[in-house]
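query20.txt follows; it contains compact mmCIF, C-alpha atoms.
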```
# COMPACT_ATOMS: atom_id res chain seq x y z
CA MET A 1 29.99 16.51 -32.18
CA ALA A 2 31.96 17.25 -29.01
CA VAL A 3 29.34 15.51 -26.89
CA LEU A 4 29.20 12.53 -29.27
CA PHE A 5 32.96 12.13 -29.20
CA PHE A 6 32.89 12.42 -25.45
CA LEU A 7 30.39 9.56 -25.18
CA LEU A 8 32.34 7.37 -27.58
CA LEU A 9 35.49 8.06 -25.67
CA PHE A 10 34.29 6.14 -22.61
CA PRO A 11 30.95 4.46 -23.30
CA CYS A 12 31.56 2.00 -20.46
CA GLY A 13 32.94 4.52 -18.01
CA PRO A 14 31.76 2.93 -14.74
CA LEU A 15 33.18 -0.43 -15.75
CA TRP A 16 36.65 1.05 -15.59
CA ALA A 17 36.23 1.99 -11.96
CA ALA A 18 37.57 -0.39 -9.37
CA ALA A 19 35.00 -2.12 -7.19
CA ASP A 20 36.47 -0.45 -4.10
CA ASN A 21 35.75 2.99 -5.59
CA ILE A 22 32.05 2.28 -6.20
CA GLN A 23 29.91 3.59 -3.36
CA ALA A 24 26.51 2.07 -2.59
CA ILE A 25 23.57 4.39 -1.93
CA TYR A 26 20.21 3.10 -0.69
CA VAL A 27 17.10 5.26 -0.84
CA ALA A 28 13.55 4.38 0.12
CA LEU A 29 10.92 4.38 -2.61
CA GLY A 30 9.48 7.87 -3.04
CA GLU A 31 12.20 9.57 -0.99
CA ALA A 32 14.84 12.04 -2.20
CA VAL A 33 18.60 11.49 -2.30
CA GLU A 34 21.66 13.59 -3.06
CA VAL A 35 24.45 12.00 -5.11
CA PRO A 36 27.58 14.11 -4.51
CA CYS A 37 30.28 15.04 -6.97
CA PRO A 38 32.96 17.17 -5.33
CA LEU A 39 35.29 19.04 -7.64
CA PRO A 40 38.76 17.61 -8.22
CA PRO A 41 41.67 19.28 -6.43
CA ARG A 42 43.23 20.70 -9.61
CA LEU A 43 41.36 22.38 -12.44
CA SER A 44 42.39 24.56 -15.35
CA GLY A 45 38.93 26.13 -15.86
CA ASP A 46 37.99 24.57 -19.21
CA GLU A 47 36.66 21.28 -17.84
CA LEU A 48 33.16 19.92 -18.43
CA LEU A 49 31.38 18.20 -15.59
CA SER A 50 28.99 15.47 -16.72
CA TRP A 51 26.60 13.10 -14.95
CA PHE A 52 25.77 9.71 -16.47
CA HIS A 53 23.22 7.06 -15.59
CA SER A 54 23.12 3.41 -16.53
CA PRO A 55 19.78 1.80 -15.51
CA ALA A 56 19.82 -1.43 -13.58
CA ALA A 57 17.35 -3.04 -16.01
CA GLY A 58 19.43 -2.31 -19.11
CA SER A 59 22.91 -1.67 -20.41
CA SER A 60 22.30 1.71 -22.08
CA THR A 61 24.06 4.80 -20.81
CA THR A 62 22.32 8.17 -20.61
CA LEU A 63 23.93 11.59 -20.33
CA VAL A 64 21.95 13.22 -17.55
CA VAL A 65 23.48 16.70 -17.52
CA GLN A 66 26.66 18.47 -18.63
CA VAL A 67 27.87 21.88 -17.43
CA GLN A 68 30.99 23.99 -17.67
CA VAL A 69 33.04 23.96 -14.49
CA ALA A 70 33.49 27.64 -13.71
CA ARG A 71 33.29 30.17 -10.93
CA PRO A 72 30.74 30.92 -9.63
CA ALA A 73 28.95 27.59 -9.36
CA PRO A 74 25.73 27.00 -11.33
CA ASP A 75 22.37 28.08 -9.95
CA PRO A 76 21.26 25.73 -7.16
CA GLY A 77 18.27 23.57 -7.91
CA LYS A 78 18.59 23.82 -11.68
CA PRO A 79 16.10 21.32 -13.15
CA ILE A 80 17.28 18.92 -15.84
CA ARG A 81 14.89 18.76 -18.77
CA ALA A 82 11.84 19.08 -16.48
CA SER A 83 12.68 15.78 -14.81
CA ARG A 84 12.92 14.77 -11.16
CA LEU A 85 16.70 15.21 -11.36
CA LYS A 86 18.27 18.54 -10.38
CA LEU A 87 21.84 19.78 -10.45
CA LEU A 88 22.71 21.50 -7.19
CA GLY A 89 25.10 24.37 -6.72
CA ASN A 90 27.82 22.02 -5.47
CA TYR A 91 27.46 19.92 -8.67
CA SER A 92 25.69 17.15 -6.77
CA LEU A 93 22.82 15.34 -8.44
CA TRP A 94 19.51 15.60 -6.57
CA LEU A 95 16.92 12.88 -7.19
CA GLU A 96 13.37 13.77 -6.09
CA GLY A 97 10.66 11.15 -5.54
CA SER A 98 12.75 8.11 -6.36
CA LYS A 99 11.19 5.29 -8.38
CA GLU A 100 12.30 1.77 -9.18
CA GLY A 101 13.41 2.87 -12.66
CA ASP A 102 15.88 5.29 -11.06
CA ALA A 103 17.99 2.43 -9.72
CA GLY A 104 21.31 1.78 -11.39
CA ARG A 105 24.79 3.21 -11.67
CA TYR A 106 25.47 6.96 -11.56
CA TRP A 107 28.83 8.55 -12.10
CA CYS A 108 30.23 12.00 -12.67
CA ALA A 109 33.21 12.89 -14.87
CA VAL A 110 35.28 16.06 -15.10
CA VAL A 111 37.19 16.22 -18.39
CA GLY A 112 39.25 19.04 -19.89
CA GLN A 113 42.30 19.64 -22.03
CA HIS A 114 44.71 19.39 -19.11
CA TYR A 115 42.93 17.27 -16.50
CA ASN A 116 40.77 14.22 -17.11
CA TYR A 117 38.75 12.71 -14.28
CA GLN A 118 36.65 10.30 -16.29
CA ASN A 119 35.27 8.28 -13.39
CA TRP A 120 35.63 10.81 -10.63
CA ARG A 121 32.75 9.50 -8.50
CA VAL A 122 30.82 6.25 -9.14
CA TYR A 123 27.68 5.19 -7.26
CA ASP A 124 25.36 2.21 -7.30
CA VAL A 125 21.92 3.53 -6.33
CA SER A 126 19.42 0.97 -5.04
CA ILE A 127 15.75 1.59 -4.32
CA LEU A 128 14.33 0.08 -1.14
CA ARG A 129 10.68 -0.93 -1.12
CA GLY A 130 8.92 -1.87 2.09
CA SER A 131 5.53 -3.45 2.75
CA GLN A 132 3.58 -4.52 5.82
CA LEU A 133 1.28 -7.53 6.31
CA SER A 134 -1.08 -8.13 9.23
CA ALA A 135 -0.83 -11.55 10.83
CA ARG A 136 -1.61 -13.51 13.98
CA ALA A 137 0.76 -15.11 16.42
CA ALA A 138 0.33 -18.64 17.76
CA ASP A 139 -1.51 -17.34 20.83
CA GLY A 140 -3.90 -15.27 18.70
CA SER A 141 -2.34 -11.88 19.45
CA PRO A 142 -1.95 -9.50 16.49
CA CYS A 143 1.46 -8.96 14.91
CA SER A 144 2.95 -7.57 11.71
CA VAL A 145 5.30 -8.92 9.05
CA LEU A 146 7.54 -6.21 7.57
CA LEU A 147 9.05 -7.02 4.18
CA CYS A 148 11.98 -5.18 2.62
CA SER A 149 13.02 -5.66 -1.01
CA VAL A 150 15.68 -3.89 -3.04
CA VAL A 151 15.91 -2.92 -6.72
CA PRO A 152 18.06 -4.24 -8.33
CA ALA A 153 17.59 -7.52 -6.48
CA ARG A 154 20.49 -8.36 -4.21
CA ARG A 155 21.06 -9.81 -0.78
CA LEU A 156 21.53 -7.15 1.87
CA ASP A 157 24.23 -7.66 4.44
CA SER A 158 22.13 -6.09 7.18
CA VAL A 159 18.75 -4.36 7.51
CA THR A 160 17.83 -1.96 10.29
CA TRP A 161 14.14 -1.29 10.93
CA LEU A 162 13.11 2.00 12.50
CA GLU A 163 9.81 3.08 14.03
CA GLY A 164 9.77 6.85 13.76
CA SER A 165 13.22 8.00 14.82
CA GLY A 166 13.97 5.04 17.08
CA PRO A 167 14.16 1.25 16.89
CA VAL A 168 11.07 -0.89 16.43
CA ARG A 169 9.27 -1.55 19.72
CA GLY A 170 8.19 -4.98 20.84
CA HIS A 171 9.61 -8.43 20.12
CA VAL A 172 11.39 -8.44 16.75
CA GLN A 173 12.50 -11.50 14.79
CA SER A 174 14.34 -11.11 11.48
CA PHE A 175 14.43 -13.63 8.64
CA TRP A 176 15.41 -13.79 4.97
CA ALA A 177 12.38 -14.42 2.79
CA SER A 178 14.44 -15.98 -0.01
CA THR A 179 16.09 -18.68 2.10
CA ASP A 180 14.37 -18.83 5.48
CA ALA A 181 10.83 -19.84 6.28
CA SER A 182 8.40 -17.41 7.86
CA PRO A 183 8.99 -17.31 11.62
CA ALA A 184 6.53 -19.35 13.66
CA LEU A 185 6.26 -16.51 16.15
CA CYS A 186 4.18 -14.45 13.71
CA ALA A 187 2.62 -16.69 11.09
CA LEU A 188 0.23 -15.32 8.52
CA SER A 189 -3.36 -16.02 9.48
CA THR A 190 -5.03 -18.41 7.01
CA GLY A 191 -8.20 -19.28 8.98
CA TRP A 192 -11.14 -17.35 10.34
CA ASP A 193 -10.39 -14.33 12.43
CA VAL A 194 -11.68 -14.56 16.02
CA SER A 195 -13.22 -11.11 15.90
CA TRP A 196 -15.17 -11.99 12.75
CA ILE A 197 -16.44 -15.21 14.33
CA LEU A 198 -17.66 -13.36 17.43
CA MET A 199 -19.39 -10.76 15.29
CA LEU A 200 -21.15 -13.44 13.22
CA LEU A 201 -22.33 -15.19 16.40
CA LEU A 202 -23.63 -11.90 17.77
CA VAL A 203 -25.57 -11.14 14.59
CA ALA A 204 -26.99 -14.67 14.47
CA GLY A 205 -28.10 -14.44 18.12
CA GLN A 206 -29.84 -11.12 17.52
CA GLY A 207 -31.63 -12.55 14.50
CA PHE A 208 -32.82 -15.61 16.46
CA THR A 209 -34.09 -13.39 19.31
CA ILE A 210 -36.05 -11.17 16.93
CA LEU A 211 -37.61 -14.22 15.24
CA ALA A 212 -38.66 -15.77 18.57
CA LEU A 213 -40.23 -12.53 19.78
CA SER A 214 -42.12 -12.16 16.50
CA ILE A 215 -43.57 -15.70 16.82
CA MET A 216 -44.65 -15.11 20.43
CA LEU A 217 -46.31 -11.81 19.51
CA CYS A 218 -48.24 -13.43 16.66
CA ARG A 219 -49.47 -16.20 18.95
CA GLN A 220 -50.66 -13.71 21.57
CA ARG A 221 -52.55 -11.74 18.95
CA ALA A 222 -54.21 -14.92 17.65
CA GLN A 223 -55.32 -16.03 21.14
CA GLY A 224 -56.72 -12.58 21.92
CA ALA A 225 -58.80 -12.60 18.75
CA GLN A 226 -60.26 -16.02 19.59
CA CYS A 227 -61.35 -14.92 23.10
CA LYS A 228 -63.01 -11.80 21.73
CA ASP A 229 -65.02 -13.86 19.23
CA ALA A 230 -66.21 -16.27 21.98
CA SER A 231 -67.73 -13.43 24.10
CA ILE A 232 -69.95 -12.20 21.25
CA PRO A 233 -73.10 -14.36 20.56
CA GLN A 234 -73.07 -15.80 17.11
CA PHE A 235 -76.14 -15.68 14.84
CA LYS A 236 -77.18 -19.15 13.68
CA PRO A 237 -79.91 -19.05 10.99
CA GLU A 238 -81.06 -22.70 11.49
CA ILE A 239 -81.82 -22.12 15.17
CA GLN A 240 -83.70 -18.91 14.41
CA VAL A 241 -85.91 -20.66 11.80
CA TYR A 242 -86.74 -23.45 14.25
CA GLU A 243 -87.77 -20.94 16.93
CA ASN A 244 -90.03 -19.07 14.48
CA ILE A 245 -91.78 -22.29 13.42
CA HIS A 246 -92.25 -23.45 17.01
CA LEU A 247 -93.80 -20.14 18.09
CA ALA A 248 -96.17 -20.17 15.13
CA GLN A 249 -97.53 -23.60 16.06
CA LEU A 250 -98.09 -22.76 19.73
CA SER A 251 -99.87 -19.44 19.33
CA PRO A 252 -103.78 -19.52 18.81
CA PRO A 253 -105.20 -18.33 15.54
CA ALA A 254 -106.18 -14.68 15.43
CA PRO A 255 -109.97 -13.95 15.48
CA LYS A 256 -111.56 -12.90 12.24
CA ILE A 257 -113.15 -9.50 12.20
CA ARG A 258 -116.26 -9.07 10.15
```

If you took the structure in this file and wrote it as structure tokens, what would it be?
Amino acid sequence: MAVLFFLLLFPCGPLWAAADNIQAIYVALGEAVEVPCPLPPRLSGDELLSWFHSPAAGSSTTLVVQVQVARPAPDPGKPIRASRLKLLGNYSLWLEGSKEGDAGRYWCAVVGQHYNYQNWRVYDVSILRGSQLSARAADGSPCSVLLCSVVPARRLDSVTWLEGSGPVRGHVQSFWASTDASPALCALSTGWDVSWILMLLLVAGQGFTILALSIMLCRQRAQGAQCKDASIPQFKPEIQVYENIHLAQLSPPAPKIR
């Protein structure tokens, strides 16, 4: 009942916080982030520290974790209901392997009989999602188009791209995909790739060469067989019959023996 009353007491807690007190946190998709909640300066010892989450896709509020503020601090790395959220020893909320559904508003509250810090720290957590597309420049040289989107959708004031630990090498041109057209310097390739065309020509040339050699070899074999047949005398039965008849007429009859 105490928890239920606590939720009904400020069901729209983060809405009470001034916009200047809401801190924005951006985390890349799949990365981890720590959402801090330092203890208030004055405590009586009976306060409860609670973390709440309101998803960006809905208006429901979820109680993430609630602990008694006491000395010593809770065990570091305490998992919360076998989820990817952990409560650290300094009462910060640790989010492991962030997903798009983790975006939204997080806030911590420290409430007791003597001191009430209902919206002690309020954060808007956004998930950054990046993608890369291969393209071709106007001169045919390869280039890449890097896209950055944020959940929940909003326009970013500035975006800094890093390659490793330093800035991106090469010529860089930034544009807003929602309002600006794709830069002409690195337009997406919609036609045939030059490398694929060269490979197809090479394969076609090899096939034509093999076919020509096969035809020439067959012709040489056919001519060789014809020459071999011409060197061997052919038996003609009509000529042989004529020769037998002619020899029989010219030869004298054999004497009869009595």

Between atom CA of A:Gly30 and atom CA of A:Val151, what is the spacing in Å? 13.1 Å

Of A:Arg129, A:Arg221, A:Arg121, A:His114, the one nearest to A:Tyr91 when counting all atoms listed in the file is A:Arg121

Which residue gives the smallest distance to A:Thr62 among A:Leu147, A:Cys108, A:Leu202, A:Ala153, with all atoms listed in the file counted?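 Ranking A:Leu147, A:Cys108, A:Leu202, A:Ala153 by distance to A:Thr62, first place goes to A:Cys108.
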
Please indicate the distance in Å from atom CA of A:Ser59 to atom CA of A:Asn116, rounded to one decimal place.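 Result for atom CA of A:Ser59 versus atom CA of A:Asn116: 24.1 Å, one decimal.
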
Using only C-alpha atoms - which residues lie no farther than 9 Å from the point (33.5, 16.0, -8.5) in the file's frame? Write them as a PyMOL selection string. chain A and resi 36-40+49+90-92+108-110+117+120-121

Interatomic distance, atom CA of A:Trp176 to atom CA of A:Asn21 (Å, one decimal): 28.4 Å

Residue with smallest distance to A:Gly130 - pool A:Tyr106, A:Trp161, A:Trp51, A:Tyr115, counting only C-alpha atoms: A:Trp161

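Closest approach to A:Leu146 among A:Gln23, A:Gly166, A:Lys86, A:Phe175: A:Phe175, based on all atoms listed in the file.
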